[in-house]
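Participant: So here's upload-v1.pdb, just PDB, C-alpha atoms:
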```
ATOM      1  CA  MET B   1     -40.659 -58.522-270.072
ATOM      2  CA  PRO B   2     -43.776 -58.871-272.171
ATOM      3  CA  GLY B   3     -46.783 -59.903-270.184
ATOM      4  CA  LEU B   4     -47.891 -59.135-266.679
ATOM      5  CA  ILE B   5     -45.298 -56.460-265.824
ATOM      6  CA  PRO B   6     -44.355 -55.125-269.277
ATOM      7  CA  ASP B   7     -42.139 -52.221-268.190
ATOM      8  CA  ALA B   8     -40.121 -54.023-265.504
ATOM      9  CA  GLY B   9     -36.451 -53.253-265.900
ATOM     10  CA  PRO B  10     -33.453 -55.258-264.685
ATOM     11  CA  GLY B  11     -33.421 -53.433-261.332
ATOM     12  CA  TRP B  12     -37.053 -54.194-260.541
ATOM     13  CA  GLU B  13     -38.390 -56.423-257.784
ATOM     14  CA  THR B  14     -41.728 -57.403-256.267
ATOM     15  CA  ALA B  15     -43.291 -57.523-252.797
ATOM     16  CA  LEU B  16     -46.352 -58.991-251.105
ATOM     17  CA  LEU B  17     -47.829 -56.352-248.804
ATOM     18  CA  LEU B  18     -50.821 -55.979-246.540
ATOM     19  CA  PRO B  19     -52.002 -52.387-247.099
ATOM     20  CA  VAL B  20     -53.140 -50.391-244.054
ATOM     21  CA  PRO B  21     -55.167 -47.450-245.401
ATOM     22  CA  ALA B  22     -56.440 -46.647-241.905
ATOM     23  CA  ALA B  23     -52.899 -45.596-240.957
ATOM     24  CA  GLU B  24     -52.429 -43.152-243.844
ATOM     25  CA  PRO B  25     -53.834 -40.066-242.023
ATOM     26  CA  ALA B  26     -51.342 -40.581-239.188
ATOM     27  CA  VAL B  27     -48.242 -41.584-241.146
ATOM     28  CA  SER B  28     -48.440 -40.381-244.765
ATOM     29  CA  ARG B  29     -46.775 -36.981-244.326
ATOM     30  CA  HIS B  30     -43.947 -38.556-242.323
ATOM     31  CA  ARG B  31     -43.514 -41.463-244.719
ATOM     32  CA  ALA B  32     -43.359 -39.016-247.650
ATOM     33  CA  ARG B  33     -40.248 -37.452-246.092
ATOM     34  CA  LEU B  34     -38.690 -40.356-244.239
ATOM     35  CA  ASP B  35     -39.432 -43.560-246.168
ATOM     36  CA  GLU B  36     -38.137 -44.155-249.711
ATOM     37  CA  ALA B  37     -40.895 -46.706-250.298
ATOM     38  CA  ALA B  38     -43.573 -44.032-249.808
ATOM     39  CA  ARG B  39     -41.857 -41.744-252.320
ATOM     40  CA  ASP B  40     -41.803 -44.681-254.718
ATOM     41  CA  GLY B  41     -45.580 -45.126-254.455
ATOM     42  CA  VAL B  42     -45.827 -47.886-251.846
ATOM     43  CA  PRO B  43     -48.768 -47.322-249.454
ATOM     44  CA  ALA B  44     -48.643 -47.690-245.672
ATOM     45  CA  HIS B  45     -48.384 -51.438-245.170
ATOM     46  CA  ILE B  46     -47.214 -54.418-243.174
ATOM     47  CA  THR B  47     -44.899 -56.584-245.247
ATOM     48  CA  VAL B  48     -45.943 -60.162-245.919
ATOM     49  CA  LEU B  49     -42.955 -61.157-248.082
ATOM     50  CA  TYR B  50     -40.165 -59.006-249.510
ATOM     51  CA  PRO B  51     -38.355 -59.416-251.760
ATOM     52  CA  PHE B  52     -40.685 -61.695-253.670
ATOM     53  CA  VAL B  53     -40.287 -63.387-257.071
ATOM     54  CA  PRO B  54     -38.468 -61.313-259.736
ATOM     55  CA  PRO B  55     -40.928 -59.609-262.106
ATOM     56  CA  ALA B  56     -40.043 -62.007-264.942
ATOM     57  CA  GLY B  57     -41.328 -64.856-262.751
ATOM     58  CA  ILE B  58     -44.782 -63.367-262.278
ATOM     59  CA  SER B  59     -47.187 -65.484-264.315
ATOM     60  CA  LYS B  60     -50.893 -66.236-264.410
ATOM     61  CA  PRO B  61     -50.357 -69.623-262.686
ATOM     62  CA  LEU B  62     -48.309 -67.940-259.944
ATOM     63  CA  LEU B  63     -51.055 -65.322-259.433
ATOM     64  CA  ALA B  64     -53.688 -68.077-259.250
ATOM     65  CA  SER B  65     -51.574 -69.891-256.665
ATOM     66  CA  LEU B  66     -51.282 -66.734-254.563
ATOM     67  CA  GLY B  67     -55.014 -66.144-254.852
ATOM     68  CA  ARG B  68     -55.736 -69.617-253.481
ATOM     69  CA  LEU B  69     -53.120 -69.221-250.748
ATOM     70  CA  PHE B  70     -54.448 -65.936-249.376
ATOM     71  CA  ALA B  71     -58.119 -66.921-249.802
ATOM     72  CA  GLY B  72     -57.365 -69.559-247.165
ATOM     73  CA  PHE B  73     -56.891 -66.826-244.551
ATOM     74  CA  ALA B  74     -59.832 -64.980-243.034
ATOM     75  CA  ALA B  75     -59.793 -61.190-243.031
ATOM     76  CA  PHE B  76     -59.103 -59.869-239.532
ATOM     77  CA  GLU B  77     -59.237 -56.705-237.471
ATOM     78  CA  PHE B  78     -56.104 -55.429-235.796
ATOM     79  CA  THR B  79     -54.908 -52.453-233.784
ATOM     80  CA  LEU B  80     -51.675 -50.526-234.256
ATOM     81  CA  ASP B  81     -51.012 -49.262-230.747
ATOM     82  CA  ARG B  82     -47.293 -48.747-230.279
ATOM     83  CA  VAL B  83     -44.287 -47.000-231.719
ATOM     84  CA  GLY B  84     -41.212 -49.191-232.012
ATOM     85  CA  TRP B  85     -37.652 -48.910-233.260
ATOM     86  CA  PHE B  86     -35.133 -51.098-235.025
ATOM     87  CA  GLY B  87     -31.987 -49.700-233.443
ATOM     88  CA  GLU B  88     -32.138 -45.961-233.899
ATOM     89  CA  GLU B  89     -32.468 -46.161-237.666
ATOM     90  CA  VAL B  90     -36.066 -47.272-238.313
ATOM     91  CA  VAL B  91     -39.209 -46.080-236.524
ATOM     92  CA  TRP B  92     -42.393 -48.078-236.951
ATOM     93  CA  LEU B  93     -45.892 -48.831-235.698
ATOM     94  CA  GLY B  94     -46.608 -52.234-234.252
ATOM     95  CA  PRO B  95     -49.794 -54.232-233.890
ATOM     96  CA  ARG B  96     -51.137 -54.949-230.410
ATOM     97  CA  ASP B  97     -51.261 -58.622-231.407
ATOM     98  CA  PRO B  98     -48.681 -59.579-234.037
ATOM     99  CA  ALA B  99     -49.839 -63.229-234.137
ATOM    100  CA  PRO B 100     -52.247 -62.996-237.119
ATOM    101  CA  PHE B 101     -49.509 -61.649-239.416
ATOM    102  CA  SER B 102     -46.930 -64.407-238.978
ATOM    103  CA  PRO B 103     -49.021 -67.161-240.620
ATOM    104  CA  LEU B 104     -49.351 -65.028-243.773
ATOM    105  CA  THR B 105     -45.583 -64.667-244.035
ATOM    106  CA  SER B 106     -44.967 -68.311-243.117
ATOM    107  CA  ALA B 107     -47.435 -69.598-245.701
ATOM    108  CA  ALA B 108     -46.033 -67.373-248.448
ATOM    109  CA  PHE B 109     -42.456 -68.383-247.622
ATOM    110  CA  THR B 110     -43.424 -72.079-247.457
ATOM    111  CA  ALA B 111     -45.035 -71.791-250.897
ATOM    112  CA  PHE B 112     -42.049 -69.829-252.266
ATOM    113  CA  PRO B 113     -38.948 -71.010-250.354
ATOM    114  CA  CYS B 114     -36.707 -69.138-252.790
ATOM    115  CA  CYS B 115     -38.030 -65.889-251.222
ATOM    116  CA  PRO B 116     -37.001 -65.706-247.553
ATOM    117  CA  PRO B 117     -38.470 -62.717-245.695
ATOM    118  CA  TYR B 118     -36.182 -59.684-246.048
ATOM    119  CA  GLY B 119     -33.772 -61.846-248.009
ATOM    120  CA  GLY B 120     -32.985 -63.869-244.872
ATOM    121  CA  GLN B 121     -31.263 -60.875-243.236
ATOM    122  CA  HIS B 122     -33.196 -61.093-239.961
ATOM    123  CA  ALA B 123     -33.552 -64.075-237.628
ATOM    124  CA  GLU B 124     -36.954 -62.832-236.454
ATOM    125  CA  VAL B 125     -39.600 -61.203-238.634
ATOM    126  CA  ILE B 126     -41.470 -58.553-236.658
ATOM    127  CA  PRO B 127     -44.741 -57.362-238.212
ATOM    128  CA  HIS B 128     -44.560 -53.583-238.467
ATOM    129  CA  LEU B 129     -45.590 -50.532-240.465
ATOM    130  CA  THR B 130     -42.554 -48.378-241.218
ATOM    131  CA  ILE B 131     -42.923 -44.669-240.489
ATOM    132  CA  GLY B 132     -39.399 -43.827-241.594
ATOM    133  CA  HIS B 133     -35.745 -44.741-241.917
ATOM    134  CA  ALA B 134     -34.228 -41.648-243.551
ATOM    135  CA  GLY B 135     -33.804 -38.015-242.609
ATOM    136  CA  GLY B 136     -31.758 -38.453-239.464
ATOM    137  CA  GLN B 137     -32.439 -39.279-235.837
ATOM    138  CA  GLN B 138     -34.063 -35.935-234.989
ATOM    139  CA  ALA B 139     -36.594 -36.191-237.847
ATOM    140  CA  LEU B 140     -37.401 -39.815-236.975
ATOM    141  CA  ARG B 141     -37.953 -38.976-233.294
ATOM    142  CA  ALA B 142     -40.162 -36.014-234.230
ATOM    143  CA  ALA B 143     -42.246 -38.257-236.500
ATOM    144  CA  ALA B 144     -42.618 -40.834-233.721
ATOM    145  CA  GLU B 145     -43.840 -38.190-231.298
ATOM    146  CA  SER B 146     -46.214 -36.746-233.899
ATOM    147  CA  VAL B 147     -47.784 -40.141-234.623
ATOM    148  CA  ARG B 148     -48.058 -41.287-230.992
ATOM    149  CA  PRO B 149     -51.210 -39.202-230.205
ATOM    150  CA  CYS B 150     -52.964 -40.823-233.209
ATOM    151  CA  LEU B 151     -52.760 -44.248-231.579
ATOM    152  CA  PRO B 152     -54.469 -46.615-231.417
ATOM    153  CA  ILE B 153     -55.280 -47.071-235.099
ATOM    154  CA  GLU B 154     -58.009 -49.637-235.765
ATOM    155  CA  ALA B 155     -57.559 -51.421-239.096
ATOM    156  CA  THR B 156     -58.721 -54.380-241.151
ATOM    157  CA  ALA B 157     -56.490 -56.862-242.941
ATOM    158  CA  ALA B 158     -58.651 -57.497-246.002
ATOM    159  CA  GLU B 159     -56.176 -58.221-248.798
ATOM    160  CA  VAL B 160     -52.569 -58.799-249.739
ATOM    161  CA  ILE B 161     -51.288 -56.848-252.718
ATOM    162  CA  LEU B 162     -48.515 -57.750-255.119
ATOM    163  CA  MET B 163     -46.496 -54.664-256.025
ATOM    164  CA  ALA B 164     -43.596 -54.239-258.449
ATOM    165  CA  GLY B 165     -41.052 -51.488-258.929
ATOM    166  CA  PRO B 166     -37.393 -50.534-259.079
ATOM    167  CA  ARG B 167     -35.108 -51.706-256.300
ATOM    168  CA  PRO B 168     -34.612 -48.891-253.741
ATOM    169  CA  GLY B 169     -31.608 -46.780-254.593
ATOM    170  CA  THR B 170     -31.732 -47.590-258.320
ATOM    171  CA  PRO B 171     -30.019 -44.598-259.979
ATOM    172  CA  ASP B 172     -31.951 -42.259-262.276
ATOM    173  CA  THR B 173     -35.325 -43.631-261.189
ATOM    174  CA  PRO B 174     -38.065 -41.038-260.765
ATOM    175  CA  PRO B 175     -40.301 -41.375-257.695
ATOM    176  CA  GLY B 176     -43.668 -43.088-257.863
ATOM    177  CA  GLN B 177     -42.631 -46.080-259.961
ATOM    178  CA  TRP B 178     -43.964 -48.872-257.737
ATOM    179  CA  ARG B 179     -47.411 -50.104-258.748
ATOM    180  CA  THR B 180     -49.933 -52.680-257.668
ATOM    181  CA  VAL B 181     -49.954 -55.677-260.003
ATOM    182  CA  THR B 182     -52.988 -57.305-258.365
ATOM    183  CA  ALA B 183     -54.743 -57.788-255.040
ATOM    184  CA  PHE B 184     -55.603 -61.057-253.312
ATOM    185  CA  PRO B 185     -58.616 -60.824-250.979
ATOM    186  CA  LEU B 186     -58.350 -62.668-247.693
ATOM    187  CA  GLY B 187     -61.110 -65.268-247.368
TER
END
```
How does the structure come out when it is put into structure tokens?
Facilitator:
Amino acid sequence: MPGLIPDAGPGWETALLLPVPAAEPAVSRHRARLDEAARDGVPAHITVLYPFVPPAGISKPLLASLGRLFAGFAAFEFTLDRVGWFGEEVVWLGPRDPAPFSPLTSAAFTAFPCCPPYGGQHAEVIPHLTIGHAGGQQALRAAAESVRPCLPIEATAAEVILMAGPRPGTPDTPPGQWRTVTAFPLG
């Protein structure tokens, strides 16, 4: 597609993410082994809306709309203070107070109803920072125990980033292909 994401292929998608750089020291080595998104270049984050608009739909008016949307939310402090699990397949960090994250997701979904959170697969959206989902139960449990002493992690929600890259599991895709298209500061 010529334009904003010139090298986006047919298997590419986008995501709106709230980066959490304060968590990187605790989770980066685990994410590098246990989370495909980390290998693809996605930083530690809490998802706002994924999947988002296909890359071909990313336009200057859409970016301006997102900028206005997220500028309407004040930046906020939060604390990651617990390790949680989705079944026994995904280990994650959770915020002490998940309430400030839900309005971001709700507003983005309201503005873009064609993009339900996680494709509509889950009845409840739980704000979380994934540590890992691959490598087997033993590796995931070891990562959880390794991260636990690093808690609590104090962080600031200052911006939402729009990232683009190949859909996970796309064959013959080298790692590190996801990239930040732009960032939207919170007001």
Participant: For CA of His128 in chain B and CA of Ala64 in chain B, determine how far apart the two atoms are, in Å to one decimal place.
Facilitator: 26.9 Å
Participant: Selection in question (the file shown): the PyMOL selection byres ((chain B and resi 16-23) around 6). Which residues does it include, as a list in words?
Facilitator: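 In the shown coordinates, the PyMOL selection byres ((chain B and resi 16-23) around 6) covers Ala15, Glu24, Pro25, Ala26, Ala44, His45, Ile46, Thr47, Val48, Leu49, Ala155, Val160, Ile161 and Leu162 of chain B.
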Participant: Write out as an NGL selection string the residues lying within 12 Å of Thr130 in chain B, counting only C-alpha atoms and excluding same-chain residues fewer than 2 positions away.
Facilitator: :B and (19-20 or 23-24 or 26-28 or 30-32 or 34-38 or 42-47 or 80 or 82-86 or 89-95 or 126-128 or 132-134 or 140 or 143-144 or 147)
Participant: Can you turn the PyMOL selection byres ((chain B and resi 156) around 8) into a concrete residue list for this file, as a ChimeraX atom specification?
Facilitator: /B:20,75-78,154-155,157-158
Participant: Using all atoms listed in the file, which protein or nucleic acid residues come within 12 Å of Leu62 in chain B? Drop anything in the same chain fewer than 5 positions from it, and give the result as a list in words.
Facilitator: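 Final neighbour list, sorted by chain and number: Leu4, Phe52, Val53, Pro54, Pro55, Ala56, Gly57, Gly67, Arg68, Leu69, Ala108, Ala111, Phe112, Leu162 and Thr182 of chain B.
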Participant: Every residue with an atom at most 12 Å from (-34.0, -63.5, -250.3) (file coordinates; all atoms listed in the file) is what I'm after, so could you write them as a short mmCIF file (atom, residue, chain, number, x, y, z; two decimals) with C-alpha atoms, keeping the file's coordinate frame?
Facilitator:
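Produced file part-v6.cif, reproduced below:
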```cif
data_model
loop_
_atom_site.label_atom_id
_atom_site.label_comp_id
_atom_site.auth_asym_id
_atom_site.auth_seq_id
_atom_site.Cartn_x
_atom_site.Cartn_y
_atom_site.Cartn_z
CA GLU B 13 -38.39 -56.42 -257.78
CA THR B 14 -41.73 -57.40 -256.27
CA ALA B 15 -43.29 -57.52 -252.80
CA LEU B 49 -42.96 -61.16 -248.08
CA TYR B 50 -40.16 -59.01 -249.51
CA PRO B 51 -38.35 -59.42 -251.76
CA PHE B 52 -40.68 -61.70 -253.67
CA VAL B 53 -40.29 -63.39 -257.07
CA PRO B 54 -38.47 -61.31 -259.74
CA PHE B 109 -42.46 -68.38 -247.62
CA PHE B 112 -42.05 -69.83 -252.27
CA PRO B 113 -38.95 -71.01 -250.35
CA CYS B 114 -36.71 -69.14 -252.79
CA CYS B 115 -38.03 -65.89 -251.22
CA PRO B 116 -37.00 -65.71 -247.55
CA PRO B 117 -38.47 -62.72 -245.70
CA TYR B 118 -36.18 -59.68 -246.05
CA GLY B 119 -33.77 -61.85 -248.01
CA GLY B 120 -32.98 -63.87 -244.87
CA GLN B 121 -31.26 -60.88 -243.24
CA HIS B 122 -33.20 -61.09 -239.96
#
```
Participant: Between CA of Pro61 in chain B and CA of Ile5 in chain B, what is the spacing in Å?
Facilitator: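 CA of Pro61 in chain B lies 14.4 Å from CA of Ile5 in chain B.
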Participant: Considering all atoms listed in the file, state which residue in the set B:Phe70, B:Gly9, B:Arg148, B:Arg33 is at the smallest distance from Gly135 in chain B.
Facilitator: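 Among the listed residues, the smallest separation from Gly135 in chain B belongs to B:Arg33.
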Participant: Given the point (-41.3, -34.5, -257.5) in the file's coordinates, find the residues that have an atom at most 12 Å from it, counting only C-alpha atoms, and give them as a list in words.
Facilitator: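 Returned residue set, sorted by chain then number, is Ala32, Arg33, Arg39, Asp40, Gly41, Thr173, Pro174, Pro175, Gly176 and Gln177 of chain B.
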Participant: The selected residues should be written to file as a PDB file, keeping the file's coordinate frame (atoms: C-alpha atoms).
Facilitator:
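Wrote it out as part-v1.pdb, contents follow:
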```
ATOM      1  CA  ALA B  32     -43.359 -39.016-247.650  1.00  0.00           C
ATOM      2  CA  ARG B  33     -40.248 -37.452-246.092  1.00  0.00           C
ATOM      3  CA  ARG B  39     -41.857 -41.744-252.320  1.00  0.00           C
ATOM      4  CA  ASP B  40     -41.803 -44.681-254.718  1.00  0.00           C
ATOM      5  CA  GLY B  41     -45.580 -45.126-254.455  1.00  0.00           C
ATOM      6  CA  THR B 173     -35.325 -43.631-261.189  1.00  0.00           C
ATOM      7  CA  PRO B 174     -38.065 -41.038-260.765  1.00  0.00           C
ATOM      8  CA  PRO B 175     -40.301 -41.375-257.695  1.00  0.00           C
ATOM      9  CA  GLY B 176     -43.668 -43.088-257.863  1.00  0.00           C
ATOM     10  CA  GLN B 177     -42.631 -46.080-259.961  1.00  0.00           C
TER      11      GLN B 177
END
```
Participant: Taking all atoms listed in the file into account, name the residue in B:Phe184, B:Glu88, B:Asp97, B:Leu63 that is nearest to Ala139 in chain B.
Facilitator: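 For Ala139 in chain B, the nearest of the given residues is B:Glu88.
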Participant: Provide the CA of Val125 in chain B to CA of Gly87 in chain B distance in Å, to one decimal place.
Facilitator: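 Answer for the CA of Val125 in chain B to CA of Gly87 in chain B separation: 14.7 Å.
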Participant: Step by step, gather every atom of range 44-59 of chain B that the file lists, find the box along x, y and z that holds them, add 3 Å on each side, and finally give centre and edge lengths in Å to one decimal, as JSON.
Facilitator:
```
{"center_x": -43.5, "center_y": -56.6, "center_z": -254.1, "size_x": 16.3, "size_y": 23.8, "size_z": 27.8}
```
Participant: Place N, CA and C atoms on range 44-79 of chain B and deliver the coordinates as a PDB file, in the frame of the given file.
Facilitator:
```
ATOM      1  N   ALA B  44     -48.872 -47.198-247.034  1.00  0.00           N
ATOM      2  CA  ALA B  44     -48.643 -47.690-245.672  1.00  0.00           C
ATOM      3  C   ALA B  44     -49.036 -49.166-245.657  1.00  0.00           C
ATOM      4  N   HIS B  45     -48.165 -49.997-245.080  1.00  0.00           N
ATOM      5  CA  HIS B  45     -48.384 -51.438-245.170  1.00  0.00           C
ATOM      6  C   HIS B  45     -47.625 -52.189-244.097  1.00  0.00           C
ATOM      7  N   ILE B  46     -47.994 -53.446-243.934  1.00  0.00           N
ATOM      8  CA  ILE B  46     -47.214 -54.418-243.174  1.00  0.00           C
ATOM      9  C   ILE B  46     -46.755 -55.442-244.206  1.00  0.00           C
ATOM     10  N   THR B  47     -45.467 -55.690-244.241  1.00  0.00           N
ATOM     11  CA  THR B  47     -44.899 -56.584-245.247  1.00  0.00           C
ATOM     12  C   THR B  47     -45.269 -58.036-244.964  1.00  0.00           C
ATOM     13  N   VAL B  48     -45.704 -58.721-245.999  1.00  0.00           N
ATOM     14  CA  VAL B  48     -45.943 -60.162-245.919  1.00  0.00           C
ATOM     15  C   VAL B  48     -44.684 -60.887-246.390  1.00  0.00           C
ATOM     16  N   LEU B  49     -44.172 -60.522-247.572  1.00  0.00           N
ATOM     17  CA  LEU B  49     -42.955 -61.157-248.082  1.00  0.00           C
ATOM     18  C   LEU B  49     -42.244 -60.211-249.042  1.00  0.00           C
ATOM     19  N   TYR B  50     -41.007 -59.874-248.675  1.00  0.00           N
ATOM     20  CA  TYR B  50     -40.165 -59.006-249.510  1.00  0.00           C
ATOM     21  C   TYR B  50     -38.718 -59.416-249.294  1.00  0.00           C
ATOM     22  N   PRO B  51     -37.956 -59.491-250.357  1.00  0.00           N
ATOM     23  CA  PRO B  51     -38.355 -59.416-251.760  1.00  0.00           C
ATOM     24  C   PRO B  51     -39.066 -60.699-252.172  1.00  0.00           C
ATOM     25  N   PHE B  52     -39.947 -60.545-253.156  1.00  0.00           N
ATOM     26  CA  PHE B  52     -40.685 -61.695-253.670  1.00  0.00           C
ATOM     27  C   PHE B  52     -40.054 -62.110-254.988  1.00  0.00           C
ATOM     28  N   VAL B  53     -40.767 -62.847-255.801  1.00  0.00           N
ATOM     29  CA  VAL B  53     -40.287 -63.387-257.071  1.00  0.00           C
ATOM     30  C   VAL B  53     -39.897 -62.232-258.006  1.00  0.00           C
ATOM     31  N   PRO B  54     -38.802 -62.358-258.759  1.00  0.00           N
ATOM     32  CA  PRO B  54     -38.468 -61.313-259.736  1.00  0.00           C
ATOM     33  C   PRO B  54     -39.629 -61.102-260.708  1.00  0.00           C
ATOM     34  N   PRO B  55     -39.798 -59.889-261.211  1.00  0.00           N
ATOM     35  CA  PRO B  55     -40.928 -59.609-262.106  1.00  0.00           C
ATOM     36  C   PRO B  55     -41.072 -60.593-263.263  1.00  0.00           C
ATOM     37  N   ALA B  56     -39.964 -61.068-263.816  1.00  0.00           N
ATOM     38  CA  ALA B  56     -40.043 -62.007-264.942  1.00  0.00           C
ATOM     39  C   ALA B  56     -40.702 -63.319-264.534  1.00  0.00           C
ATOM     40  N   GLY B  57     -40.718 -63.623-263.226  1.00  0.00           N
ATOM     41  CA  GLY B  57     -41.328 -64.856-262.751  1.00  0.00           C
ATOM     42  C   GLY B  57     -42.810 -64.742-262.427  1.00  0.00           C
ATOM     43  N   ILE B  58     -43.359 -63.561-262.566  1.00  0.00           N
ATOM     44  CA  ILE B  58     -44.782 -63.367-262.278  1.00  0.00           C
ATOM     45  C   ILE B  58     -45.592 -63.854-263.482  1.00  0.00           C
ATOM     46  N   SER B  59     -46.399 -64.868-263.240  1.00  0.00           N
ATOM     47  CA  SER B  59     -47.187 -65.484-264.315  1.00  0.00           C
ATOM     48  C   SER B  59     -48.626 -65.670-263.845  1.00  0.00           C
ATOM     49  N   LYS B  60     -49.497 -65.976-264.779  1.00  0.00           N
ATOM     50  CA  LYS B  60     -50.893 -66.236-264.410  1.00  0.00           C
ATOM     51  C   LYS B  60     -51.006 -67.422-263.453  1.00  0.00           C
ATOM     52  N   PRO B  61     -50.280 -68.529-263.662  1.00  0.00           N
ATOM     53  CA  PRO B  61     -50.357 -69.623-262.686  1.00  0.00           C
ATOM     54  C   PRO B  61     -49.867 -69.211-261.294  1.00  0.00           C
ATOM     55  N   LEU B  62     -48.808 -68.407-261.234  1.00  0.00           N
ATOM     56  CA  LEU B  62     -48.309 -67.940-259.944  1.00  0.00           C
ATOM     57  C   LEU B  62     -49.369 -67.078-259.262  1.00  0.00           C
ATOM     58  N   LEU B  63     -50.010 -66.176-260.004  1.00  0.00           N
ATOM     59  CA  LEU B  63     -51.055 -65.322-259.433  1.00  0.00           C
ATOM     60  C   LEU B  63     -52.224 -66.167-258.936  1.00  0.00           C
ATOM     61  N   ALA B  64     -52.596 -67.194-259.684  1.00  0.00           N
ATOM     62  CA  ALA B  64     -53.688 -68.077-259.250  1.00  0.00           C
ATOM     63  C   ALA B  64     -53.314 -68.797-257.960  1.00  0.00           C
ATOM     64  N   SER B  65     -52.056 -69.221-257.868  1.00  0.00           N
ATOM     65  CA  SER B  65     -51.574 -69.891-256.665  1.00  0.00           C
ATOM     66  C   SER B  65     -51.643 -68.955-255.456  1.00  0.00           C
ATOM     67  N   LEU B  66     -51.212 -67.718-255.649  1.00  0.00           N
ATOM     68  CA  LEU B  66     -51.282 -66.734-254.563  1.00  0.00           C
ATOM     69  C   LEU B  66     -52.733 -66.455-254.171  1.00  0.00           C
ATOM     70  N   GLY B  67     -53.603 -66.365-255.144  1.00  0.00           N
ATOM     71  CA  GLY B  67     -55.014 -66.144-254.852  1.00  0.00           C
ATOM     72  C   GLY B  67     -55.589 -67.233-253.965  1.00  0.00           C
ATOM     73  N   ARG B  68     -55.270 -68.493-254.298  1.00  0.00           N
ATOM     74  CA  ARG B  68     -55.736 -69.617-253.481  1.00  0.00           C
ATOM     75  C   ARG B  68     -55.115 -69.574-252.083  1.00  0.00           C
ATOM     76  N   LEU B  69     -53.826 -69.262-252.033  1.00  0.00           N
ATOM     77  CA  LEU B  69     -53.120 -69.221-250.748  1.00  0.00           C
ATOM     78  C   LEU B  69     -53.771 -68.208-249.805  1.00  0.00           C
ATOM     79  N   PHE B  70     -53.935 -66.986-250.266  1.00  0.00           N
ATOM     80  CA  PHE B  70     -54.448 -65.936-249.376  1.00  0.00           C
ATOM     81  C   PHE B  70     -55.947 -66.062-249.129  1.00  0.00           C
ATOM     82  N   ALA B  71     -56.689 -66.682-250.040  1.00  0.00           N
ATOM     83  CA  ALA B  71     -58.119 -66.921-249.802  1.00  0.00           C
ATOM     84  C   ALA B  71     -58.326 -67.872-248.630  1.00  0.00           C
ATOM     85  N   GLY B  72     -57.295 -68.637-248.294  1.00  0.00           N
ATOM     86  CA  GLY B  72     -57.365 -69.559-247.165  1.00  0.00           C
ATOM     87  C   GLY B  72     -57.238 -68.874-245.809  1.00  0.00           C
ATOM     88  N   PHE B  73     -57.000 -67.585-245.796  1.00  0.00           N
ATOM     89  CA  PHE B  73     -56.891 -66.826-244.551  1.00  0.00           C
ATOM     90  C   PHE B  73     -58.087 -65.898-244.421  1.00  0.00           C
ATOM     91  N   ALA B  74     -58.706 -65.884-243.267  1.00  0.00           N
ATOM     92  CA  ALA B  74     -59.832 -64.980-243.034  1.00  0.00           C
ATOM     93  C   ALA B  74     -59.315 -63.554-242.840  1.00  0.00           C
ATOM     94  N   ALA B  75     -60.087 -62.586-243.336  1.00  0.00           N
ATOM     95  CA  ALA B  75     -59.793 -61.190-243.031  1.00  0.00           C
ATOM     96  C   ALA B  75     -59.861 -61.021-241.514  1.00  0.00           C
ATOM     97  N   PHE B  76     -59.106 -60.062-240.989  1.00  0.00           N
ATOM     98  CA  PHE B  76     -59.103 -59.869-239.532  1.00  0.00           C
ATOM     99  C   PHE B  76     -58.914 -58.400-239.179  1.00  0.00           C
ATOM    100  N   GLU B  77     -59.407 -58.056-238.017  1.00  0.00           N
ATOM    101  CA  GLU B  77     -59.237 -56.705-237.471  1.00  0.00           C
ATOM    102  C   GLU B  77     -57.945 -56.706-236.664  1.00  0.00           C
ATOM    103  N   PHE B  78     -57.280 -55.570-236.639  1.00  0.00           N
ATOM    104  CA  PHE B  78     -56.104 -55.429-235.796  1.00  0.00           C
ATOM    105  C   PHE B  78     -55.957 -53.979-235.354  1.00  0.00           C
ATOM    106  N   THR B  79     -55.125 -53.776-234.356  1.00  0.00           N
ATOM    107  CA  THR B  79     -54.908 -52.453-233.784  1.00  0.00           C
ATOM    108  C   THR B  79     -53.420 -52.147-233.768  1.00  0.00           C
TER     109      THR B  79
END
```
